[in-house]
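final-v4.cif, holding mmCIF, C-alpha atoms:
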data_model
loop_
_atom_site.label_atom_id
_atom_site.label_comp_id
_atom_site.auth_asym_id
_atom_site.auth_seq_id
_atom_site.Cartn_x
_atom_site.Cartn_y
_atom_site.Cartn_z
CA MET Z 3 -14.43 14.78 39.80
CA SER Z 4 -13.26 18.34 39.57
CA GLU Z 5 -12.26 19.74 36.19
CA GLN Z 6 -8.65 19.96 37.28
CA VAL Z 7 -8.44 16.32 38.37
CA ARG Z 8 -10.16 15.28 35.16
CA GLU Z 9 -7.59 17.11 33.06
CA VAL Z 10 -4.69 15.55 34.97
CA ALA Z 11 -6.23 12.09 34.46
CA LEU Z 12 -6.62 12.64 30.73
CA GLU Z 13 -3.01 13.80 30.50
CA SER Z 14 -1.83 10.28 31.29
CA PRO Z 15 -0.89 8.38 28.14
CA TRP Z 16 -3.09 5.42 29.12
CA ALA Z 17 -6.19 7.31 30.25
CA GLY Z 18 -7.60 7.63 26.77
CA GLY Z 19 -7.18 11.37 26.87
CA ARG Z 20 -4.53 11.32 24.20
CA SER Z 21 -3.01 8.78 21.89
CA PRO Z 22 0.13 7.11 23.25
CA PHE Z 23 1.47 7.09 19.69
CA ALA Z 24 0.42 10.68 18.91
CA ILE Z 25 -1.14 9.69 15.60
CA GLY Z 26 -4.71 9.53 14.37
CA SER Z 27 -6.76 6.34 14.50
CA LYS Z 28 -6.81 6.02 10.67
CA LYS Z 29 -3.04 6.04 10.53
CA LEU Z 30 -2.72 3.54 13.36
CA GLY Z 31 -5.29 1.32 11.64
CA MET Z 32 -3.37 1.42 8.37
CA TRP Z 33 -0.12 0.59 10.19
CA LEU Z 34 -1.72 -2.42 11.87
CA PHE Z 35 -3.07 -3.59 8.51
CA ILE Z 36 0.37 -3.14 6.95
CA ILE Z 37 2.01 -5.26 9.66
CA SER Z 38 -0.50 -8.09 9.17
CA ASP Z 39 -0.19 -7.87 5.38
CA ALA Z 40 3.60 -7.92 5.72
CA LEU Z 41 3.21 -11.24 7.54
CA THR Z 42 1.10 -12.61 4.67
CA PHE Z 43 3.80 -11.71 2.18
CA SER Z 44 6.52 -13.04 4.49
CA ALA Z 45 4.75 -16.39 4.64
CA LEU Z 46 4.44 -16.52 0.85
CA LEU Z 47 8.08 -15.57 0.35
CA MET Z 48 9.10 -18.13 2.94
CA ALA Z 49 7.04 -20.80 1.14
CA TYR Z 50 8.62 -19.83 -2.18
CA THR Z 51 12.15 -19.96 -0.78
CA TYR Z 52 11.43 -23.23 1.06
CA SER Z 53 10.23 -24.87 -2.15
CA ARG Z 54 13.17 -23.46 -4.06
CA VAL Z 55 15.74 -24.88 -1.62
CA ALA Z 56 13.94 -28.22 -1.19
CA ASN Z 57 13.75 -28.88 -4.94
CA PRO Z 58 17.13 -29.48 -6.59
CA ASP Z 59 15.50 -29.10 -10.02
CA TRP Z 60 13.99 -25.69 -9.27
CA PRO Z 61 13.84 -23.82 -12.60
CA LYS Z 62 15.91 -20.70 -13.30
CA PRO Z 63 13.69 -19.05 -15.87
CA PHE Z 64 15.02 -15.48 -15.85
CA PRO Z 65 17.78 -14.57 -18.32
CA ILE Z 66 19.58 -11.25 -17.73
CA TYR Z 67 17.82 -9.96 -20.82
CA PRO Z 68 14.88 -9.52 -21.05
CA ALA Z 69 13.62 -10.75 -17.65
CA VAL Z 70 16.09 -9.12 -15.22
CA VAL Z 71 16.36 -5.88 -17.22
CA PHE Z 72 12.57 -5.73 -17.30
CA SER Z 73 12.10 -6.42 -13.61
CA THR Z 74 14.78 -3.83 -12.77
CA LEU Z 75 12.85 -1.29 -14.83
CA MET Z 76 9.67 -2.29 -12.94
CA THR Z 77 11.49 -1.75 -9.64
CA VAL Z 78 12.68 1.72 -10.64
CA VAL Z 79 9.17 2.66 -11.86
CA LEU Z 80 7.68 1.54 -8.53
CA LEU Z 81 10.37 3.41 -6.56
CA PHE Z 82 9.68 6.52 -8.61
CA SER Z 83 5.96 6.27 -7.86
CA SER Z 84 6.86 6.10 -4.16
CA PHE Z 85 8.78 9.36 -4.54
CA THR Z 86 5.85 11.11 -6.26
CA MET Z 87 3.61 9.82 -3.44
CA VAL Z 88 5.89 11.46 -0.86
CA MET Z 89 5.58 14.71 -2.82
CA ALA Z 90 1.77 14.32 -2.86
CA VAL Z 91 1.66 13.89 0.92
CA ALA Z 92 3.95 16.90 1.44
CA GLN Z 93 1.73 19.06 -0.80
CA ALA Z 94 -1.40 17.77 0.94
CA HIS Z 95 -0.02 18.84 4.32
CA LYS Z 96 0.73 22.29 2.90
CA GLY Z 97 -2.92 22.50 1.84
CA ASN Z 98 -2.23 22.54 -1.92
CA ARG Z 99 -5.08 20.27 -2.95
CA GLY Z 100 -4.57 20.59 -6.71
CA ALA Z 101 -0.83 19.90 -6.54
CA ALA Z 102 -1.40 16.92 -4.24
CA ALA Z 103 -3.98 15.44 -6.64
CA ARG Z 104 -1.55 15.90 -9.56
CA TRP Z 105 1.29 14.13 -7.72
CA ILE Z 106 -1.10 11.30 -6.82
CA GLY Z 107 -1.93 11.13 -10.54
CA PHE Z 108 1.77 10.60 -11.34
CA THR Z 109 1.88 7.91 -8.66
CA MET Z 110 -1.07 6.14 -10.28
CA LEU Z 111 0.66 6.32 -13.66
CA GLY Z 112 3.71 4.67 -12.07
CA GLY Z 113 1.49 1.94 -10.64
CA LEU Z 114 -0.19 1.35 -14.00
CA GLY Z 115 3.20 1.28 -15.72
CA PHE Z 116 4.37 -1.32 -13.22
CA ILE Z 117 1.29 -3.49 -13.83
CA GLY Z 118 1.72 -3.19 -17.61
CA LEU Z 119 5.39 -4.19 -17.51
CA HIS Z 120 4.65 -7.03 -15.09
CA LEU Z 121 1.83 -8.43 -17.23
CA TYR Z 122 4.15 -8.30 -20.26
CA GLU Z 123 6.70 -10.27 -18.23
CA TRP Z 124 4.00 -12.78 -17.22
CA MET Z 125 2.89 -13.24 -20.84
CA HIS Z 126 6.50 -13.93 -21.75
CA LEU Z 127 6.70 -16.73 -19.15
CA ILE Z 128 3.30 -18.11 -20.13
CA ALA Z 129 4.41 -18.20 -23.79
CA GLU Z 130 7.46 -20.19 -22.68
CA GLY Z 131 5.08 -22.77 -21.18
CA VAL Z 132 4.95 -21.89 -17.48
CA ARG Z 133 1.63 -22.93 -15.91
CA PRO Z 134 0.63 -23.00 -12.22
CA PHE Z 135 1.30 -26.75 -12.01
CA SER Z 136 3.79 -27.40 -14.79
CA ASN Z 137 6.69 -25.83 -16.62
CA PRO Z 138 9.19 -27.06 -19.20
CA TRP Z 139 12.26 -26.93 -16.90
CA GLY Z 140 11.77 -28.68 -13.56
CA ALA Z 141 9.90 -28.48 -10.25
CA PRO Z 142 6.22 -28.05 -11.24
CA LEU Z 143 5.54 -25.99 -8.09
CA PHE Z 144 7.46 -23.05 -9.52
CA GLY Z 145 4.45 -21.73 -11.43
CA ALA Z 146 2.06 -21.88 -8.48
CA THR Z 147 4.42 -20.11 -6.07
CA PHE Z 148 5.60 -17.56 -8.67
CA PHE Z 149 2.15 -16.59 -9.93
CA GLY Z 150 0.71 -16.70 -6.40
CA LEU Z 151 3.36 -14.41 -4.94
CA THR Z 152 3.72 -11.92 -7.79
CA GLY Z 153 -0.02 -12.09 -8.52
CA LEU Z 154 -0.92 -11.13 -4.96
CA HIS Z 155 1.55 -8.27 -5.18
CA MET Z 156 0.10 -7.12 -8.51
CA THR Z 157 -3.37 -7.26 -6.95
CA HIS Z 158 -2.10 -4.97 -4.19
CA VAL Z 159 -0.75 -2.53 -6.80
CA ALA Z 160 -4.08 -2.59 -8.68
CA VAL Z 161 -6.07 -2.02 -5.47
CA GLY Z 162 -3.63 0.77 -4.60
CA VAL Z 163 -4.19 2.52 -7.94
CA ILE Z 164 -7.97 2.43 -7.37
CA TYR Z 165 -7.56 3.60 -3.75
CA LEU Z 166 -5.29 6.48 -4.83
CA GLY Z 167 -7.75 7.40 -7.60
CA ILE Z 168 -10.56 7.77 -5.08
CA ILE Z 169 -8.33 9.76 -2.72
CA ALA Z 170 -7.04 12.07 -5.50
CA PHE Z 171 -10.57 12.68 -6.79
CA GLY Z 172 -11.99 13.40 -3.33
CA PHE Z 173 -9.05 15.38 -1.96
CA GLY Z 174 -8.77 17.47 -5.14
CA ARG Z 175 -12.44 18.46 -4.78
CA GLY Z 176 -12.00 19.61 -1.20
CA LYS Z 177 -13.13 16.52 0.67
CA TRP Z 178 -11.13 14.73 3.38
CA SER Z 179 -7.98 15.80 5.17
CA ALA Z 180 -4.25 15.59 4.54
CA GLU Z 181 -4.20 12.64 6.93
CA ASP Z 182 -6.28 10.59 4.47
CA VAL Z 183 -3.69 11.26 1.76
CA GLU Z 184 -0.90 10.32 4.16
CA VAL Z 185 -2.65 7.05 5.08
CA SER Z 186 -3.07 6.12 1.40
CA GLY Z 187 0.63 6.97 0.98
CA LEU Z 188 1.53 4.51 3.73
CA TYR Z 189 -0.27 1.76 1.82
CA TRP Z 190 1.50 2.68 -1.42
CA HIS Z 191 4.96 2.69 0.18
CA PHE Z 192 4.20 -0.68 1.73
CA VAL Z 193 3.41 -2.16 -1.70
CA ASP Z 194 6.75 -0.72 -2.87
CA LEU Z 195 8.52 -2.16 0.18
CA VAL Z 196 7.17 -5.67 -0.46
CA TRP Z 197 8.49 -5.55 -4.02
CA MET Z 198 11.94 -4.73 -2.60
CA PHE Z 199 11.93 -8.31 -1.25
CA ILE Z 200 10.10 -10.10 -4.09
CA PHE Z 201 12.43 -8.66 -6.75
CA PRO Z 202 15.71 -10.06 -5.30
CA MET Z 203 14.24 -13.29 -3.87
CA VAL Z 204 12.29 -14.31 -6.97
CA TYR Z 205 14.04 -12.69 -9.92
CA LEU Z 206 17.65 -12.15 -8.90
CA MET Z 207 17.97 -15.53 -7.15
CA SER Z 208 16.74 -17.41 -10.25
CA VAL Z 209 18.85 -15.90 -13.00
CA ARG Z 210 19.54 -18.24 -15.89
CA TYR Z 211 23.22 -17.90 -16.79
CA GLU Z 212 23.87 -18.86 -20.38
CA PRO Z 213 27.39 -19.63 -21.53
CA ALA Z 214 27.57 -16.89 -24.17
CA ALA Z 215 25.53 -14.35 -22.28
CA GLY Z 216 27.86 -11.66 -21.04
CA ALA Z 217 27.72 -7.98 -21.72
CA VAL Z 218 28.83 -8.73 -25.28
CA GLY Z 219 26.16 -11.36 -25.80
CA MET Z 220 23.58 -8.95 -24.50
CA LEU Z 221 24.65 -6.21 -26.90
CA LEU Z 222 24.56 -8.64 -29.82
CA GLY Z 223 20.94 -9.42 -28.97
CA ARG Z 224 21.72 -12.79 -27.45
CA MET W 6 -9.14 20.71 21.81
CA SER W 7 -6.11 22.91 21.28
CA GLY W 8 -3.96 19.81 20.88
CA HIS W 9 -6.30 18.57 18.17
CA SER W 10 -6.12 21.71 16.08
CA SER W 11 -2.33 21.86 16.30
CA HIS W 12 -2.28 18.29 14.97
CA GLU W 13 -4.35 19.31 11.95
CA THR W 14 -1.87 21.94 10.85
CA HIS W 15 1.34 20.13 11.70
CA GLU W 16 4.04 20.32 9.05
CA PHE W 17 5.01 17.13 7.26
CA ALA W 18 8.60 16.63 8.38
CA GLY W 19 11.33 15.92 5.84
CA THR W 20 12.39 18.05 2.90
CA THR W 21 12.14 17.34 -0.82
CA ARG W 22 15.94 17.24 -0.95
CA GLN W 23 16.00 14.62 1.80
CA PHE W 24 13.45 12.44 0.00
CA ALA W 25 15.30 12.82 -3.31
CA ILE W 26 18.55 11.66 -1.65
CA VAL W 27 16.79 8.65 -0.12
CA TRP W 28 15.28 7.83 -3.51
CA GLY W 29 18.72 8.03 -5.11
CA TRP W 30 20.10 5.59 -2.53
CA LEU W 31 17.20 3.18 -3.12
CA VAL W 32 17.83 3.15 -6.88
CA ALA W 33 21.61 2.80 -6.35
CA LEU W 34 21.12 -0.16 -3.97
CA THR W 35 18.76 -1.77 -6.49
CA LEU W 36 21.44 -1.49 -9.18
CA VAL W 37 24.00 -3.00 -6.79
CA GLU W 38 21.62 -5.94 -6.28
CA VAL W 39 21.25 -6.44 -10.03
CA TYR W 40 25.04 -6.31 -10.41
CA LEU W 41 25.44 -8.93 -7.65
CA ALA W 42 23.06 -11.22 -9.55
CA TYR W 43 24.89 -10.52 -12.80
CA ILE W 44 28.36 -11.49 -11.57
CA HIS W 45 27.08 -14.91 -10.44
CA LEU W 46 28.55 -15.55 -6.96
CA ALA W 47 27.87 -18.64 -4.85
CA VAL W 48 24.14 -18.97 -4.11
CA ILE W 49 24.45 -18.51 -0.34
CA THR W 50 26.69 -15.41 -0.74
CA THR W 51 24.25 -13.84 -3.19
CA LEU W 52 21.30 -14.69 -0.94
CA LEU W 53 22.83 -13.16 2.19
CA LEU W 54 23.99 -10.02 0.36
CA LEU W 55 20.62 -9.56 -1.34
CA ILE W 56 18.67 -10.00 1.90
CA GLY W 57 21.03 -7.60 3.69
CA ILE W 58 20.62 -4.90 1.03
CA SER W 59 16.84 -5.45 0.91
CA VAL W 60 16.58 -4.96 4.66
CA ILE W 61 18.51 -1.68 4.35
CA LYS W 62 16.15 -0.57 1.56
CA ALA W 63 13.09 -1.55 3.62
CA GLY W 64 14.51 0.43 6.54
CA LEU W 65 15.01 3.52 4.35
CA ILE W 66 11.47 3.27 2.96
CA MET W 67 9.93 2.83 6.42
CA ALA W 68 12.03 5.55 8.06
CA TYR W 69 11.67 8.29 5.43
CA PHE W 70 8.87 7.51 2.96
CA MET W 71 6.58 5.95 5.58
CA HIS W 72 7.63 8.67 7.98
CA LEU W 73 8.47 6.37 10.89
CA LYS W 74 11.64 8.34 11.69
CA PHE W 75 9.51 11.37 12.46
CA GLU W 76 6.89 9.57 14.58
CA LYS W 77 7.05 8.88 18.29
CA PHE W 78 9.43 6.03 19.06
CA SER W 79 6.62 4.22 20.90
CA LEU W 80 4.94 3.61 17.54
CA VAL W 81 8.10 1.98 16.18
CA LEU W 82 8.28 -0.18 19.30
CA ALA W 83 4.65 -1.21 18.90
CA LEU W 84 5.02 -2.22 15.24
CA VAL W 85 8.49 -3.37 14.27
CA PRO W 86 9.62 -5.86 16.98
CA ALA W 87 6.36 -7.82 16.70
CA LEU W 88 6.80 -8.10 12.95
CA LEU W 89 10.42 -9.21 13.27
CA ILE W 90 9.59 -11.83 15.91
CA CYS W 91 6.77 -13.28 13.79
CA ILE W 92 9.04 -13.47 10.72
CA GLY W 93 11.71 -15.05 12.93
CA LEU W 94 9.21 -17.69 14.08
CA MET W 95 8.40 -18.50 10.46
CA THR W 96 12.06 -19.27 9.77
CA LEU W 97 11.97 -22.04 12.42
CA ILE W 98 10.61 -24.50 9.86
CA PHE W 99 13.14 -23.47 7.25
CA PRO W 100 15.97 -25.96 8.01
CA ASP W 101 13.54 -28.72 7.07
CA SER W 102 13.89 -27.62 3.44
CA PHE W 103 17.49 -28.91 3.43
CA ARG W 104 16.29 -32.46 4.19
CA ILE W 105 16.09 -33.62 0.58
CA LEU W 106 19.47 -32.13 -0.29
CA GLU W 107 21.23 -33.45 2.84
CA LEU W 108 19.70 -36.92 2.88
CA GLY W 109 19.75 -37.36 -0.86
CA ALA W 110 16.12 -38.51 -0.83
CA ARG W 111 14.28 -38.49 -4.14
#

I need this file expressed as structure tokens, please.
Amino acid sequence: MSEQVREVALESPWAGGRSPFAIGSKKLGMWLFIISDALTFSALLMAYTYSRVANPDWPKPFPIYPAVVFSTLMTVVLLFSSFTMVMAVAQAHKGNRGAAARWIGFTMLGGLGFIGLHLYEWMHLIAEGVRPFSNPWGAPLFGATFFGLTGLHMTHVAVGVIYLGIIAFGFGRGKWSAEDVEVSGLYWHFVDLVWMFIFPMVYLMSVRYEPAAGAVGMLLGR
Amino acid sequence: MSGHSSHETHEFAGTTRQFAIVWGWLVALTLVEVYLAYIHLAVITTLLLLIGISVIKAGLIMAYFMHLKFEKFSLVLALVPALLICIGLMTLIFPDSFRILELGAR
């Protein structure tokens, strides 16, 4: 095969000469992982919603204050960490290794803040008597599905913080490429994206409305 | 190899301003969701509105933060429709959850 023919053959998108998606293999791998993980979370959310609809005595354990205010704060913290991650990736592509590592540091702080707030929220529910297979209000399955779903998400956040720590450490010291930072960013945004479904489906759909709880009741400390 | 080196130095598309605007929208939509929960509409109305807003938020995150808007469209075609079809297949069992409510079984 002459050199010219060879080059023409490799020009074809399907000849293996170039990626049909024009991205690196690491990025494609992370995207495929994200799609499969999205299906895992979809199945869990579907199971949660199925149980919620099928059980007329499904508990509504989240008052506007503190639970919904808290989970809203968690959502904003996680969204903010997504923004700092975008900044980290942008700096990484400009070749500013120090700045990228600093932005990743902020992202990790956001992740840790989210975990802290979420654990506080969990302790609150546990103190109220919620267990995986029992709770004081109704359908016993609530605990299992709630802790399973939010626990798996929290695990993803924790793994993400460790992953970002390794990337920040390595990238800041001159190892790896901007693509590695971008791939870790994809994972982080995915964790954020999943929370954008868990927050409304779990928290906002199970708000406990108390007769006296309006804005006034909230201000008076309920 | 020239294609490879140009890939290494390619600029990350999207400006800080653009990302800040997207972030603002995401926070605003979150607050709208919280408000919808606060005003206590019918369950099905709340559910549909919340899912609709969440899908918009997911789209914003995927398009801008996850950079999908700036990738080749073939990547979007390879990833998103498959995901949506699989989630759609999962919903096939969902009507079964109404059985207890509709039949009044205990």

Test item: chain Z residues at most 6 Å from chain W, counting all atoms listed in the file, as a count of residues only: 7

Once you count all atoms listed in the file, which residues end up no further than 8 Å from (-2.8, 15.9, -6.1) in the file's frame, shown as a ChimeraX atom specification? /Z:90,93-94,98-107,170,173-174

Contacts of Met76 in chain Z within 6 Å, only C-alpha atoms, excl. fewer than 3 positions in-chain, as a VMD selection string: chain Z and resid 73 79 116

Excluding same-chain residues fewer than 5 positions from Trp60 in chain Z, what lies within 9 Å of it counting only C-alpha atoms, as JSON, numbers by chain? {"Z": [53, 54, 55, 139, 140, 141, 142, 143, 144, 208]}

Residue members of the PyMOL selection byres ((chain Z and resi 32) around 12) in the file shown, as a PyMOL selection string: (chain Z and resi 25-31+33-40+181-192) or (chain W and resi 71+84)

So how many Å separate CA of Asp59 in chain Z and CA of Glu130 in chain Z, to one decimal? 17.4 Å

Quote the spacing between CA of Leu73 in chain W and CA of Val88 in chain Z in Å to one decimal place. 13.1 Å

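If you look at CA of Leu81 in chain Z and CA of Pro68 in chain Z, they are 19.9 Å away from each other.
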
Which of these residues is nearest to Gly115 in chain Z, using all atoms listed in the file: Z:Val196, Z:Val163, Z:Pro134, Z:His155?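 With all atoms listed in the file as the atom set, the closest residue is Z:Val163.
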
Spatial neighbours of Ile128 in chain Z, 12 Å, all atoms listed in the file, chain gap at least 4 places, as a count of residues only: 14

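Of the residues under consideration (Z:Gly172, Z:Gly112, Z:Thr77, Z:Ser179), Z:Thr77 shows the shortest atom-to-atom contact distance to Leu34 in chain W when counting only C-alpha atoms.
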
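Restricting the calculation to all atoms listed in the file, the smallest distance between Tyr205 in chain Z and any of Z:Thr74, Z:Asn57, Z:Thr109, Z:Ser4 is found for Z:Thr74.
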
From the options Z:Ala146, Z:Leu119, Z:Val78, Z:Met89, which residue's atoms come nearest to Arg22 in chain W, counting only C-alpha atoms?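 Nearest candidate to Arg22 in chain W out of Z:Ala146, Z:Leu119, Z:Val78, Z:Met89: Z:Met89.
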